[in-house]
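Visitor: Okay, so here is input.csv, and as you'll see once you scroll down, it has CSV, C-alpha atoms (C1' of nucleotides).
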```csv
chain,number,residue,atom,x,y,z
R,1,MET,CA,-11.4,-43.3,8.1
R,2,SER,CA,-8.5,-43.9,5.7
R,3,MET,CA,-8.7,-42.3,2.2
R,4,ASN,CA,-7.1,-41.8,-1.1
R,5,ILE,CA,-5.6,-38.5,-2.2
R,6,GLY,CA,-8.8,-37.7,-4.2
R,7,ALA,CA,-11.0,-38.1,-1.2
R,8,ALA,CA,-8.6,-36.1,0.9
R,9,ALA,CA,-8.7,-33.4,-1.7
R,10,ARG,CA,-12.5,-33.3,-1.6
R,11,ALA,CA,-12.5,-33.4,2.2
R,12,SER,CA,-9.9,-30.7,2.7
R,13,GLY,CA,-10.7,-28.5,-0.3
R,14,ILE,CA,-7.1,-28.7,-1.5
R,15,SER,CA,-6.4,-30.0,-4.9
R,16,ALA,CA,-4.6,-33.4,-5.2
R,17,LYS,CA,-1.8,-31.6,-7.0
R,18,MET,CA,-1.2,-29.2,-4.1
R,19,ILE,CA,-1.5,-32.0,-1.6
R,20,ARG,CA,1.4,-33.8,-3.3
R,21,TYR,CA,3.3,-30.5,-3.5
R,22,TYR,CA,2.8,-29.9,0.3
R,23,GLU,CA,4.1,-33.4,0.9
R,24,SER,CA,7.1,-32.7,-1.4
R,25,ILE,CA,8.1,-29.6,0.7
R,26,GLY,CA,7.6,-31.5,4.0
R,27,LEU,CA,4.4,-30.1,5.3
R,28,ILE,CA,2.7,-33.4,5.5
R,29,SER,CA,3.8,-37.1,5.5
R,30,PRO,CA,0.9,-39.5,4.7
R,31,ASP,CA,1.4,-43.3,4.9
R,32,ARG,CA,1.5,-45.4,1.7
R,33,LEU,CA,-0.4,-48.5,0.9
R,34,ALA,CA,1.2,-51.5,-0.7
R,35,ASN,CA,-0.1,-50.0,-3.9
R,36,GLY,CA,2.1,-47.0,-3.6
R,37,TYR,CA,-1.1,-45.0,-3.1
R,38,ARG,CA,-1.0,-42.3,-0.5
R,39,CYS,CA,-3.2,-43.0,2.5
R,40,TYR,CA,-4.8,-40.1,4.5
R,41,GLU,CA,-6.2,-40.4,8.0
R,42,ALA,CA,-8.6,-38.1,9.7
R,43,ARG,CA,-5.8,-36.2,11.3
R,44,ASP,CA,-4.1,-35.6,8.0
R,45,VAL,CA,-7.3,-34.1,6.6
R,46,HIS,CA,-7.5,-32.0,9.6
R,47,LEU,CA,-4.0,-30.8,9.0
R,48,LEU,CA,-4.7,-30.1,5.4
R,49,SER,CA,-7.7,-28.0,6.4
R,50,PHE,CA,-5.5,-26.1,8.7
R,51,ILE,CA,-3.1,-25.4,5.8
R,52,ARG,CA,-6.0,-24.4,3.6
R,53,THR,CA,-7.3,-21.9,6.2
R,54,THR,CA,-4.0,-20.3,6.9
R,55,ARG,CA,-3.2,-20.0,3.1
R,56,ALA,CA,-6.6,-18.5,2.5
R,57,LEU,CA,-5.7,-15.9,5.2
R,58,GLY,CA,-2.7,-14.9,3.2
R,59,PHE,CA,0.1,-16.6,5.2
R,60,SER,CA,3.0,-17.7,3.1
R,61,ILE,CA,4.0,-21.4,2.9
R,62,GLU,CA,6.9,-20.7,5.3
R,63,GLN,CA,4.6,-18.9,7.7
R,64,VAL,CA,2.2,-21.9,7.5
R,65,ARG,CA,5.1,-24.1,8.3
R,66,SER,CA,5.8,-22.1,11.4
R,67,LEU,CA,2.2,-22.1,12.4
R,68,LEU,CA,2.0,-25.8,11.9
R,69,ALA,CA,5.0,-26.3,14.1
R,70,LEU,CA,3.4,-24.2,16.8
R,71,TRP,CA,0.1,-26.0,16.2
R,72,GLN,CA,1.7,-29.4,16.8
R,73,ASP,CA,3.9,-28.2,19.7
R,74,ARG,CA,2.0,-28.9,22.9
R,75,SER,CA,4.3,-26.6,24.9
R,76,ARG,CA,4.0,-23.6,22.7
R,77,SER,CA,3.2,-20.2,24.1
R,78,SER,CA,0.3,-18.4,22.7
R,79,ALA,CA,2.5,-15.3,22.5
R,80,ASP,CA,4.5,-16.9,19.7
R,81,VAL,CA,1.4,-17.5,17.7
R,82,LYS,CA,0.1,-14.0,18.3
R,83,ALA,CA,3.4,-12.4,17.3
R,84,LEU,CA,3.3,-14.3,14.0
R,85,ALA,CA,-0.3,-13.3,13.4
R,86,SER,CA,0.5,-9.7,14.4
R,87,GLY,CA,3.4,-9.4,12.0
R,88,HIS,CA,1.3,-10.7,9.2
R,89,LEU,CA,-1.4,-8.2,10.1
R,90,ASP,CA,1.1,-5.4,9.7
R,91,VAL,CA,2.0,-6.7,6.2
R,92,LEU,CA,-1.7,-6.9,5.2
R,93,ARG,CA,-2.5,-3.4,6.5
R,94,GLU,CA,0.5,-2.0,4.6
R,95,ARG,CA,-0.7,-3.8,1.5
R,96,VAL,CA,-4.1,-2.3,1.8
R,97,ARG,CA,-2.7,1.2,2.4
R,98,ALA,CA,-0.5,0.9,-0.7
R,99,THR,CA,-3.3,-0.4,-2.9
R,100,GLN,CA,-5.6,2.4,-1.7
R,101,THR,CA,-2.9,4.9,-2.7
R,102,ILE,CA,-2.8,3.4,-6.1
R,103,ILE,CA,-6.6,3.5,-6.3
R,104,ALA,CA,-6.7,7.1,-5.4
R,105,THR,CA,-4.1,8.0,-8.0
R,106,LEU,CA,-6.0,6.1,-10.7
R,107,GLU,CA,-9.4,7.5,-9.7
R,108,HIS,CA,-7.8,11.0,-9.9
R,109,LEU,CA,-6.6,10.3,-13.4
R,110,SER,CA,-9.8,8.7,-14.4
R,111,ALA,CA,-12.0,11.5,-13.2
R,112,ALA,CA,-10.0,13.9,-15.3
R,113,CYS,CA,-10.6,11.8,-18.4
R,114,HIS,CA,-13.6,12.7,-20.4
R,115,GLY,CA,-13.7,9.2,-21.9
R,116,ASP,CA,-14.9,10.1,-25.4
R,117,LEU,CA,-13.6,9.4,-28.8
R,118,ARG,CA,-11.0,12.1,-28.8
R,119,PRO,CA,-7.4,11.0,-28.5
R,120,ASP,CA,-6.6,13.5,-25.8
R,121,CYS,CA,-6.3,11.6,-22.5
R,122,PRO,CA,-5.3,12.8,-19.1
R,123,ILE,CA,-4.7,9.2,-17.9
R,124,LEU,CA,-1.9,8.6,-20.4
R,125,ASP,CA,-0.6,12.1,-19.7
R,126,GLY,CA,-0.6,11.3,-16.0
R,127,LEU,CA,1.1,7.9,-16.6
R,128,THR,CA,3.9,9.6,-18.4
R,129,GLY,CA,6.7,9.6,-15.9
R,130,GLY,CA,8.9,11.7,-18.1
R,131,PRO,CA,9.6,15.4,-17.8
R,132,ARG,CA,7.2,16.9,-15.3
R,133,HIS,CA,5.2,19.8,-16.6
R,134,ASP,CA,1.9,20.4,-14.8
R,135,GLY,CA,0.3,18.7,-11.9
R,136,GLN,CA,2.4,15.5,-11.8
R,137,ILE,CA,0.9,12.6,-9.9
R,138,ALA,CA,2.6,11.1,-6.9
R,139,LEU,CA,3.9,7.5,-7.4
R,140,PRO,CA,3.1,4.9,-4.8
R,141,ALA,CA,6.1,3.1,-3.6
R,142,ARG,CA,5.2,-0.6,-4.0
R,143,ALA,CA,2.5,-2.3,-5.9
R,144,THR,CA,1.4,-5.8,-4.8
B,1,MET,CA,21.3,12.2,-25.6
B,2,SER,CA,22.3,8.6,-26.2
B,3,MET,CA,23.1,6.4,-23.4
B,4,ASN,CA,24.1,2.9,-22.2
B,5,ILE,CA,21.8,0.5,-20.4
B,6,GLY,CA,23.2,1.5,-17.1
B,7,ALA,CA,22.6,5.2,-17.6
B,8,ALA,CA,19.1,4.4,-18.9
B,9,ALA,CA,18.5,2.3,-15.8
B,10,ARG,CA,19.5,5.2,-13.6
B,11,ALA,CA,17.5,7.6,-15.6
B,12,SER,CA,14.3,5.5,-15.7
B,13,GLY,CA,14.5,3.9,-12.3
B,14,ILE,CA,14.3,0.4,-13.9
B,15,SER,CA,17.1,-2.1,-13.3
B,16,ALA,CA,19.2,-3.0,-16.3
B,17,LYS,CA,18.1,-6.6,-15.8
B,18,MET,CA,14.5,-5.6,-16.2
B,19,ILE,CA,15.2,-3.3,-19.2
B,20,ARG,CA,16.7,-6.3,-21.0
B,21,TYR,CA,13.7,-8.4,-20.0
B,22,TYR,CA,11.2,-5.8,-21.3
B,23,GLU,CA,13.1,-5.8,-24.5
B,24,SER,CA,13.0,-9.6,-24.7
B,25,ILE,CA,9.2,-9.5,-24.5
B,26,GLY,CA,8.9,-6.8,-27.1
B,27,LEU,CA,8.0,-3.8,-25.0
B,28,ILE,CA,11.0,-1.8,-26.2
B,29,SER,CA,13.5,-2.0,-29.0
B,30,PRO,CA,16.6,0.1,-28.5
B,31,ASP,CA,19.3,0.5,-31.2
B,32,ARG,CA,22.6,-1.2,-31.0
B,33,LEU,CA,26.1,0.3,-31.3
B,34,ALA,CA,28.8,-1.4,-33.3
B,35,ASN,CA,29.8,-2.8,-29.9
B,36,GLY,CA,26.7,-4.7,-29.5
B,37,TYR,CA,25.9,-2.3,-26.6
B,38,ARG,CA,22.3,-1.2,-26.4
B,39,CYS,CA,21.8,2.5,-27.1
B,40,TYR,CA,18.9,4.4,-25.5
B,41,GLU,CA,17.6,7.7,-26.7
B,42,ALA,CA,15.6,10.2,-24.7
B,43,ARG,CA,12.3,8.8,-26.0
B,44,ASP,CA,13.4,5.3,-24.9
B,45,VAL,CA,13.9,6.6,-21.4
B,46,HIS,CA,10.6,8.3,-21.6
B,47,LEU,CA,9.0,5.0,-22.6
B,48,LEU,CA,10.7,3.2,-19.8
B,49,SER,CA,9.5,5.7,-17.3
B,50,PHE,CA,6.0,5.2,-18.6
B,51,ILE,CA,6.4,1.4,-18.0
B,52,ARG,CA,7.7,2.0,-14.5
B,53,THR,CA,4.8,4.2,-13.6
B,54,THR,CA,2.2,1.9,-14.9
B,55,ARG,CA,3.9,-1.1,-13.2
B,56,ALA,CA,4.0,0.8,-10.0
B,57,LEU,CA,0.3,1.4,-10.3
B,58,GLY,CA,-0.2,-2.4,-10.4
B,59,PHE,CA,-0.9,-2.9,-14.1
B,60,SER,CA,0.3,-6.3,-15.4
B,61,ILE,CA,2.9,-6.5,-18.1
B,62,GLU,CA,0.1,-7.3,-20.6
B,63,GLN,CA,-1.9,-4.3,-19.5
B,64,VAL,CA,1.2,-2.2,-19.8
B,65,ARG,CA,1.6,-3.5,-23.3
B,66,SER,CA,-2.0,-2.4,-24.1
B,67,LEU,CA,-1.4,1.0,-22.5
B,68,LEU,CA,1.8,1.4,-24.5
B,69,ALA,CA,-0.1,0.6,-27.7
B,70,LEU,CA,-2.7,3.2,-26.8
B,71,TRP,CA,0.0,5.7,-25.8
B,72,GLN,CA,1.7,5.4,-29.1
B,73,ASP,CA,-1.5,5.4,-31.1
B,74,ARG,CA,-2.3,8.9,-32.2
B,75,SER,CA,-5.8,8.0,-33.2
B,76,ARG,CA,-6.7,6.3,-29.9
B,77,SER,CA,-9.9,7.2,-28.1
B,78,SER,CA,-9.6,8.2,-24.5
B,79,ALA,CA,-12.5,6.0,-23.8
B,80,ASP,CA,-10.3,2.9,-24.5
B,81,VAL,CA,-7.8,4.1,-22.0
B,82,LYS,CA,-10.4,4.9,-19.4
B,83,ALA,CA,-12.0,1.5,-19.8
B,84,LEU,CA,-8.7,-0.2,-19.2
B,85,ALA,CA,-8.0,1.9,-16.1
B,86,SER,CA,-11.6,1.3,-14.9
B,87,GLY,CA,-11.3,-2.4,-15.2
B,88,HIS,CA,-8.0,-2.3,-13.2
B,89,LEU,CA,-9.7,-0.2,-10.6
B,90,ASP,CA,-12.3,-2.8,-10.1
B,91,VAL,CA,-9.7,-5.4,-9.5
B,92,LEU,CA,-7.8,-3.2,-7.1
B,93,ARG,CA,-11.0,-2.4,-5.1
B,94,GLU,CA,-11.9,-6.1,-4.9
B,95,ARG,CA,-8.3,-6.9,-3.7
B,96,VAL,CA,-8.6,-4.3,-1.0
B,97,ARG,CA,-12.0,-5.7,0.1
B,98,ALA,CA,-10.7,-9.2,0.3
B,99,THR,CA,-7.6,-8.2,2.2
B,100,GLN,CA,-9.7,-6.2,4.7
B,101,THR,CA,-11.9,-9.3,5.2
B,102,ILE,CA,-8.7,-11.3,6.0
B,103,ILE,CA,-7.5,-8.5,8.4
B,104,ALA,CA,-10.8,-8.5,10.2
B,105,THR,CA,-10.7,-12.3,10.6
B,106,LEU,CA,-7.1,-12.2,12.0
B,107,GLU,CA,-7.9,-9.2,14.2
B,108,HIS,CA,-10.8,-11.1,15.6
B,109,LEU,CA,-8.7,-14.1,16.4
B,110,SER,CA,-5.8,-12.0,17.7
B,111,ALA,CA,-8.1,-10.1,20.1
B,112,ALA,CA,-9.3,-13.3,21.6
B,113,CYS,CA,-5.7,-14.5,22.2
B,114,HIS,CA,-4.3,-13.5,25.6
B,115,GLY,CA,-0.7,-13.8,24.2
B,116,ASP,CA,1.0,-15.1,27.3
B,117,LEU,CA,3.1,-18.2,27.9
B,118,ARG,CA,0.3,-20.6,28.1
B,119,PRO,CA,-0.2,-23.0,25.2
B,120,ASP,CA,-3.9,-22.3,24.9
B,121,CYS,CA,-4.4,-20.2,21.8
B,122,PRO,CA,-7.6,-19.1,20.2
B,123,ILE,CA,-5.8,-18.2,17.0
B,124,LEU,CA,-4.7,-21.7,16.3
B,125,ASP,CA,-8.1,-22.9,17.4
B,126,GLY,CA,-9.7,-20.5,14.9
B,127,LEU,CA,-7.3,-21.6,12.1
B,128,THR,CA,-8.3,-25.1,12.6
B,129,GLY,CA,-10.6,-25.7,9.6
B,130,GLY,CA,-11.6,-29.1,10.9
B,131,PRO,CA,-14.8,-30.1,12.6
B,132,ARG,CA,-16.7,-27.0,13.6
B,133,HIS,CA,-17.5,-26.7,17.2
B,134,ASP,CA,-18.1,-23.2,18.4
B,135,GLY,CA,-18.1,-19.9,16.7
B,136,GLN,CA,-16.2,-20.9,13.6
B,137,ILE,CA,-14.7,-18.1,11.6
B,138,ALA,CA,-15.7,-17.4,8.1
B,139,LEU,CA,-13.1,-18.0,5.4
B,140,PRO,CA,-12.5,-15.3,2.9
B,141,ALA,CA,-12.6,-16.5,-0.7
B,142,ARG,CA,-9.3,-15.5,-2.2
B,143,ALA,CA,-6.1,-14.3,-0.7
B,144,THR,CA,-3.8,-12.1,-2.8
O,1,DC,C1',-11.5,-58.7,-20.7
O,2,DT,C1',-12.5,-54.1,-21.3
O,3,DT,C1',-13.5,-49.6,-19.8
O,4,DG,C1',-13.2,-45.8,-17.0
O,5,DA,C1',-11.8,-43.7,-12.9
O,6,DC,C1',-8.5,-43.5,-10.1
O,7,DC,C1',-3.4,-43.3,-8.7
O,8,DT,C1',1.8,-42.7,-9.5
O,9,DT,C1',6.1,-39.9,-11.0
O,10,DC,C1',8.1,-36.6,-14.0
O,11,DC,C1',8.5,-32.4,-16.7
O,12,DC,C1',6.9,-27.8,-18.1
O,13,DA,C1',4.5,-23.2,-17.7
O,14,DT,C1',3.0,-19.2,-15.5
O,15,DG,C1',4.5,-13.7,-13.9
O,16,DA,C1',8.0,-10.6,-12.6
O,17,DT,C1',12.1,-10.2,-10.9
O,18,DT,C1',16.7,-11.3,-9.2
O,19,DG,C1',21.1,-13.7,-9.2
O,20,DG,C1',25.2,-15.4,-11.2
O,21,DA,C1',28.6,-17.3,-14.5
O,22,DA,C1',31.5,-16.6,-18.5
O,23,DG,C1',33.3,-13.6,-21.7
O,24,DG,C1',33.8,-9.1,-24.4
O,25,DT,C1',34.7,-3.7,-24.3
O,26,DG,C1',36.4,0.7,-22.9
O,27,DC,C1',38.9,3.8,-20.3
O,28,DA,C1',42.2,5.1,-16.7
O,29,DG,C1',46.8,4.7,-14.5
O,30,DG,C1',51.4,2.8,-14.0
H,1,DC,C1',51.8,-2.1,-23.3
H,2,DC,C1',49.7,-4.2,-19.4
H,3,DT,C1',46.6,-4.3,-15.7
H,4,DG,C1',42.6,-3.1,-13.3
H,5,DC,C1',38.1,-1.8,-13.0
H,6,DA,C1',33.6,-0.8,-14.4
H,7,DC,C1',30.7,-1.7,-17.7
H,8,DC,C1',28.5,-4.5,-21.3
H,9,DT,C1',26.8,-9.0,-23.6
H,10,DT,C1',24.2,-13.7,-23.5
H,11,DC,C1',22.6,-17.7,-21.1
H,12,DC,C1',20.9,-20.3,-17.3
H,13,DA,C1',18.7,-20.8,-12.9
H,14,DA,C1',15.9,-19.7,-8.9
H,15,DT,C1',12.1,-17.6,-6.7
H,16,DC,C1',6.5,-18.7,-5.1
H,17,DA,C1',2.4,-21.3,-5.5
H,18,DT,C1',-0.2,-23.4,-8.7
H,19,DG,C1',-2.0,-25.8,-12.9
H,20,DG,C1',-1.5,-28.8,-16.9
H,21,DG,C1',-0.3,-32.8,-19.1
H,22,DA,C1',2.1,-37.2,-20.5
H,23,DA,C1',3.2,-42.0,-19.6
H,24,DG,C1',2.2,-45.8,-17.1
H,25,DG,C1',0.2,-48.6,-13.0
H,26,DT,C1',-4.2,-50.2,-10.2
H,27,DC,C1',-8.7,-51.2,-9.2
H,28,DA,C1',-13.7,-52.1,-9.5
H,29,DA,C1',-17.8,-52.6,-12.3
H,30,DG,C1',-19.9,-54.4,-16.3
```
Translate the structure described by the file into structure tokens.

Guide:
Amino acid sequence: MSMNIGAAARASGISAKMIRYYESIGLISPDRLANGYRCYEARDVHLLSFIRTTRALGFSIEQVRSLLALWQDRSRSSADVKALASGHLDVLRERVRATQTIIATLEHLSAACHGDLRPDCPILDGLTGGPRHDGQIALPARAT
Amino acid sequence: MSMNIGAAARASGISAKMIRYYESIGLISPDRLANGYRCYEARDVHLLSFIRTTRALGFSIEQVRSLLALWQDRSRSSADVKALASGHLDVLRERVRATQTIIATLEHLSAACHGDLRPDCPILDGLTGGPRHDGQIALPARAT
DNA sequence: CTTGACCTTCCCATGATTGGAAGGTGCAGG
DNA sequence: CCTGCACCTTCCAATCATGGGAAGGTCAAG
């Protein structure tokens, strides 16, 4: 059940590079063989998979660290976990909203552009944030 | 009409720090006074506003560079601009789609969580990417 | 014994932005 | 004139998560 970092990478879907990085920031602490080679048990791979899943869901490393602490804390309350997930959901929803605003703006500009060989282009005109003259576009606040 | 970097920052909405950075990567080339102080004309501020708008719409610095080149090219075709905007739109739409998948996954987990003081938590169970047992969640491909 | 596939550590790069240190400049008041 | 203060300059570093690569050690098969 004990494996090298390469095997652990294949088993968890995290690159060996990132596994070493996660170790360097204290997310995981594998044993070492007499070689100096890192040695991963089944539970380590399990933990790495947890990290991979949470990262894929857009949690930051620090959030993953919190989730890991909760995960390993037998006396945790599920409310704590739910609060963390809920806060992240708010961020994600806001991100979608902001991006959709950007999309609408770009679509609006693009629709006005005839897209031919002439140099006249409403997109560039709309992107010009200088002196407002006509129907100036509204700028979204944050782009992520 | 000529101004310091601080005034240009206030006028364009870009921090002085970033204005210097944009200069260092060749997006803008203001004159210098005998002081060594940078000197911005109205057209420089206009250009900075253009950069701010495009960045706010989520274009990368390199895309902004392309847009700037088109902007300043009198013989450009509007089709080129539209193609660039269209490609960016595709990226943005995909980003929204991926984020919405993540949101759906998290909402699904969160809805199953009673969120009380008990340690039992379906969210953490769902985040466990280890050995599948029950209704395992589907992982979105990329998180951004 | 050689070869190739691993492993180790270390440093560097990305993209966009922010922060700070150390030092020069300009303008106002005392 | 001196002193502050607000501004400017350059340079260096950090962020976040990841990838790339060099230089060298280890192991198993041929």

Visitor: Would you mind reading off the distance between atom CA of Arg32 of chain R and atom C1' of DC7 of chain O, one decimal, in Å?

Guide: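 According to the coordinates, atom CA of Arg32 of chain R and atom C1' of DC7 of chain O are separated by 11.7 Å.
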
Visitor: Please compute the atom CA of Leu124 of chain R-atom CA of Trp71 of chain B distance, one decimal, in Å.

Guide: 6.4 Å

Visitor: Using all atoms listed in the file, determine which residues lie at most 10 Å from Leu84 of chain R, disregarding the query and same-chain residues fewer than 2 positions distant; provide the list as a PDB file with C-alpha atoms, keeping the file's coordinate frame.

Guide:
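As a result, out.pdb now contains:
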```pdb
ATOM      1  CA  PHE R  59       0.100 -16.600   5.200  1.00  0.00           C
ATOM      2  CA  GLN R  63       4.600 -18.900   7.700  1.00  0.00           C
ATOM      3  CA  SER R  66       5.800 -22.100  11.400  1.00  0.00           C
ATOM      4  CA  LEU R  67       2.200 -22.100  12.400  1.00  0.00           C
ATOM      5  CA  ALA R  79       2.500 -15.300  22.500  1.00  0.00           C
ATOM      6  CA  ASP R  80       4.500 -16.900  19.700  1.00  0.00           C
ATOM      7  CA  VAL R  81       1.400 -17.500  17.700  1.00  0.00           C
ATOM      8  CA  LYS R  82       0.100 -14.000  18.300  1.00  0.00           C
ATOM      9  CA  SER R  86       0.500  -9.700  14.400  1.00  0.00           C
ATOM     10  CA  GLY R  87       3.400  -9.400  12.000  1.00  0.00           C
ATOM     11  CA  HIS R  88       1.300 -10.700   9.200  1.00  0.00           C
ATOM     12  CA  LEU R  89      -1.400  -8.200  10.100  1.00  0.00           C
TER      13      LEU R  89
END
```

Visitor: If we count only C-alpha atoms (C1' of nucleotides), what is near Cys113 of chain B at a cut-off of 12 Å, once residues fewer than 4 positions away on the same chain are taken out, given as a PDB file with C-alpha atoms, keeping the file's coordinate frame?

Guide:
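Contents of result33.pdb, as written:
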```
ATOM      1  CA  SER R  77       3.200 -20.200  24.100  1.00  0.00           C
ATOM      2  CA  SER R  78       0.300 -18.400  22.700  1.00  0.00           C
ATOM      3  CA  ALA R  79       2.500 -15.300  22.500  1.00  0.00           C
ATOM      4  CA  ASP R  80       4.500 -16.900  19.700  1.00  0.00           C
ATOM      5  CA  VAL R  81       1.400 -17.500  17.700  1.00  0.00           C
ATOM      6  CA  LYS R  82       0.100 -14.000  18.300  1.00  0.00           C
ATOM      7  CA  ALA R  83       3.400 -12.400  17.300  1.00  0.00           C
ATOM      8  CA  ALA R  85      -0.300 -13.300  13.400  1.00  0.00           C
ATOM      9  CA  SER R  86       0.500  -9.700  14.400  1.00  0.00           C
TER      10      SER R  86
ATOM     11  CA  LEU B 106      -7.100 -12.200  12.000  1.00  0.00           C
ATOM     12  CA  GLU B 107      -7.900  -9.200  14.200  1.00  0.00           C
ATOM     13  CA  HIS B 108     -10.800 -11.100  15.600  1.00  0.00           C
ATOM     14  CA  LEU B 109      -8.700 -14.100  16.400  1.00  0.00           C
ATOM     15  CA  LEU B 117       3.100 -18.200  27.900  1.00  0.00           C
ATOM     16  CA  ARG B 118       0.300 -20.600  28.100  1.00  0.00           C
ATOM     17  CA  PRO B 119      -0.200 -23.000  25.200  1.00  0.00           C
ATOM     18  CA  ASP B 120      -3.900 -22.300  24.900  1.00  0.00           C
ATOM     19  CA  CYS B 121      -4.400 -20.200  21.800  1.00  0.00           C
ATOM     20  CA  PRO B 122      -7.600 -19.100  20.200  1.00  0.00           C
ATOM     21  CA  ILE B 123      -5.800 -18.200  17.000  1.00  0.00           C
ATOM     22  CA  LEU B 124      -4.700 -21.700  16.300  1.00  0.00           C
ATOM     23  CA  ASP B 125      -8.100 -22.900  17.400  1.00  0.00           C
ATOM     24  CA  GLY B 126      -9.700 -20.500  14.900  1.00  0.00           C
TER      25      GLY B 126
END
```

Visitor: Within 10 Å of chain B, which residues belong to chain H? Use all atoms listed in the file and report them as a ChimeraX atom specification.

Guide: /H:7-9

Visitor: Go through R:Ile28, R:Cys39, R:Leu70, R:Ile14 and flag the residue nearest chain O, using all atoms listed in the file for the distances.

Guide: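 Distance minimum relative to chain O lands on R:Cys39.
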
Visitor: Any chance you could tabulate, as JSON lines, the residues of chain O at most 12 Å from chain B with each one's nearest atom pair and distance in Å to one decimal, using all atoms listed in the file, in chain and rising number order?

Guide:
```
{"residue": "O:DG15", "atom": "C1'", "partner": "B:Ile61", "partner_atom": "CA", "distance": 8.5}
{"residue": "O:DA16", "atom": "C1'", "partner": "B:Ile61", "partner_atom": "CA", "distance": 8.5}
{"residue": "O:DT17", "atom": "C1'", "partner": "B:Met18", "partner_atom": "CA", "distance": 7.4}
{"residue": "O:DT18", "atom": "C1'", "partner": "B:Lys17", "partner_atom": "CA", "distance": 8.2}
{"residue": "O:DG19", "atom": "C1'", "partner": "B:Lys17", "partner_atom": "CA", "distance": 10.1}
{"residue": "O:DG24", "atom": "C1'", "partner": "B:Asn35", "partner_atom": "CA", "distance": 9.3}
{"residue": "O:DT25", "atom": "C1'", "partner": "B:Asn35", "partner_atom": "CA", "distance": 7.5}
{"residue": "O:DG26", "atom": "C1'", "partner": "B:Asn35", "partner_atom": "CA", "distance": 10.2}
```

Visitor: To one decimal in Å, tell me the separation between atom CA of Phe50 of chain R and atom CA of Asp116 of chain B.

Guide: 22.6 Å

Visitor: Neighbouring residues of Gly13 of chain B were defined as those with any atom within 9 Å, considering all atoms listed in the file; residues of the same chain fewer than 6 positions away were excluded. Please report them as a PyMOL selection string.

Guide: chain B and resi 48-49+52

Visitor: Would you please work out which residue, of R:Ser24, R:Thr101, R:Thr128, R:Gln72, is nearest to chain B when using all atoms listed in the file?

Guide: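 When distances to chain B are compared using all atoms listed in the file, the smallest one comes from R:Thr128.
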
Visitor: Within 9 Å of segment 3-6 of chain O, counting only C-alpha atoms (C1' of nucleotides), which residues qualify if same-chain residues fewer than 5 places away don't, as a compact mmCIF listing (two decimals) with C-alpha atoms (C1' of nucleotides), in the coordinates of the input?

Guide:
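Result file around.txt:
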```txt
# COMPACT_ATOMS: atom_id res chain seq x y z
CA GLY R 6 -8.80 -37.70 -4.20
C1' DT H 26 -4.20 -50.20 -10.20
C1' DC H 27 -8.70 -51.20 -9.20
C1' DG H 30 -19.90 -54.40 -16.30
```

Visitor: Using all atoms listed in the file, which of the listed residues (B:Ala112, B:Arg97, B:Ala56, B:Ile51) sits closest to chain R?

Guide: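 Among the listed residues, the smallest separation from chain R belongs to B:Ala56.
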
Visitor: In the coordinates of the file, take the point (11.5, -24.5, -4.4) and a cut-off of 12 Å; then, counting only C-alpha atoms (C1' of nucleotides), name each qualifying protein, DNA or RNA residue as a list in words.

Guide: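 Within the cut-off we find Tyr21, Tyr22, Ser24, Ile25, Gly26, Ile61 and Glu62 of chain R; DA13, DA14, DT15, DC16 and DA17 of chain H.
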
Visitor: From the list R:Ala104, R:Ala9, R:Ala98, R:Leu57, which residue is nearest chain B when using only C-alpha atoms?

Guide: R:Leu57
